[in-house]
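Asks: To start, I am sharing the structure in question, which I have written as structure tokens.
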Amino acid sequence: MEIVKSTRKETRVSILNFLPGTLENLSITKQENMENKENPVETLMKEKFLCPNKFAEEIEKLVLAYNFNYIDAILTFCEENKIEMESVSKLISKPLKEKLKCDAQQLNFMKKTSRAKLPL
């Protein structure tokens, strides 16, 4: 019995001596892993989720590359990226709205106003 008790005490003492260093190492390793994991997640978030500025850039690229009007460019972008048309309204910035309005008026989808386009 005495040998078992002394072994238990020695085990407890050795575990207690071992724990502080291990915990420090684990916390440092965990912090490093957390820092390394945040960067790829942030980049993926930026790549996958659209903001109005990035959406407008993508639409402008389509308009310039394929000579689309803005309405067709938005429809094409939504089809290619499997985005619902209803959710796009949140991504349209004011300059893009003005360009859409101008296209709609040229295609006779809207009544023409005097403020829509400058006569050039």
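Starting from 1 in every chain, residues are counted up; chains themselves are A, B, ... following the order of the structure tokens, and ligands are numbered from 1 as listed.
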Any idea what's packed within 9 Å of segment 79-92 of chain A, counting only C-alpha atoms, ignoring anything in its chain fewer than 5 positions away? Could you give it as a VMD selection string?

Replies: chain A and resid 50 to 56 74 97

Asks: Given the selection you just returned, output its residues as a file containing N, CA and C atoms, formatted as an mmCIF file, in the first residue's frame.

Replies:
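Final file, selection33.cif:
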```
data_model
loop_
_atom_site.group_PDB
_atom_site.id
_atom_site.type_symbol
_atom_site.label_atom_id
_atom_site.label_comp_id
_atom_site.auth_asym_id
_atom_site.auth_seq_id
_atom_site.Cartn_x
_atom_site.Cartn_y
_atom_site.Cartn_z
ATOM 1 N N LEU A 50 -19.526 39.367 -51.979
ATOM 2 C CA LEU A 50 -19.448 40.596 -52.748
ATOM 3 C C LEU A 50 -19.861 41.796 -51.921
ATOM 4 N N CYS A 51 -19.199 42.891 -52.178
ATOM 5 C CA CYS A 51 -19.630 44.173 -51.648
ATOM 6 C C CYS A 51 -20.031 45.010 -52.862
ATOM 7 N N PRO A 52 -20.717 46.108 -52.672
ATOM 8 C CA PRO A 52 -21.153 46.912 -53.830
ATOM 9 C C PRO A 52 -19.996 47.350 -54.746
ATOM 10 N N ASN A 53 -18.857 47.673 -54.160
ATOM 11 C CA ASN A 53 -17.734 48.114 -54.989
ATOM 12 C C ASN A 53 -17.199 46.983 -55.866
ATOM 13 N N LYS A 54 -17.024 45.810 -55.274
ATOM 14 C CA LYS A 54 -16.506 44.683 -56.041
ATOM 15 C C LYS A 54 -17.511 44.244 -57.108
ATOM 16 N N PHE A 55 -18.783 44.270 -56.760
ATOM 17 C CA PHE A 55 -19.828 43.910 -57.716
ATOM 18 C C PHE A 55 -19.802 44.862 -58.908
ATOM 19 N N ALA A 56 -19.692 46.158 -58.627
ATOM 20 C CA ALA A 56 -19.648 47.152 -59.705
ATOM 21 C C ALA A 56 -18.424 46.942 -60.596
ATOM 22 N N ILE A 74 -25.333 42.348 -65.717
ATOM 23 C CA ILE A 74 -25.773 41.903 -64.392
ATOM 24 C C ILE A 74 -26.442 40.539 -64.481
ATOM 25 N N LYS A 97 -26.509 52.297 -60.613
ATOM 26 C CA LYS A 97 -27.937 52.549 -60.806
ATOM 27 C C LYS A 97 -28.165 53.564 -61.914
#
```

Asks: Which is closest to Lys99 of chain A among A:Tyr70, A:Lys111, A:Pro40, A:Val63, if we use only C-alpha atoms?

Replies: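 Under the stated criterion, the closest residue is A:Tyr70.
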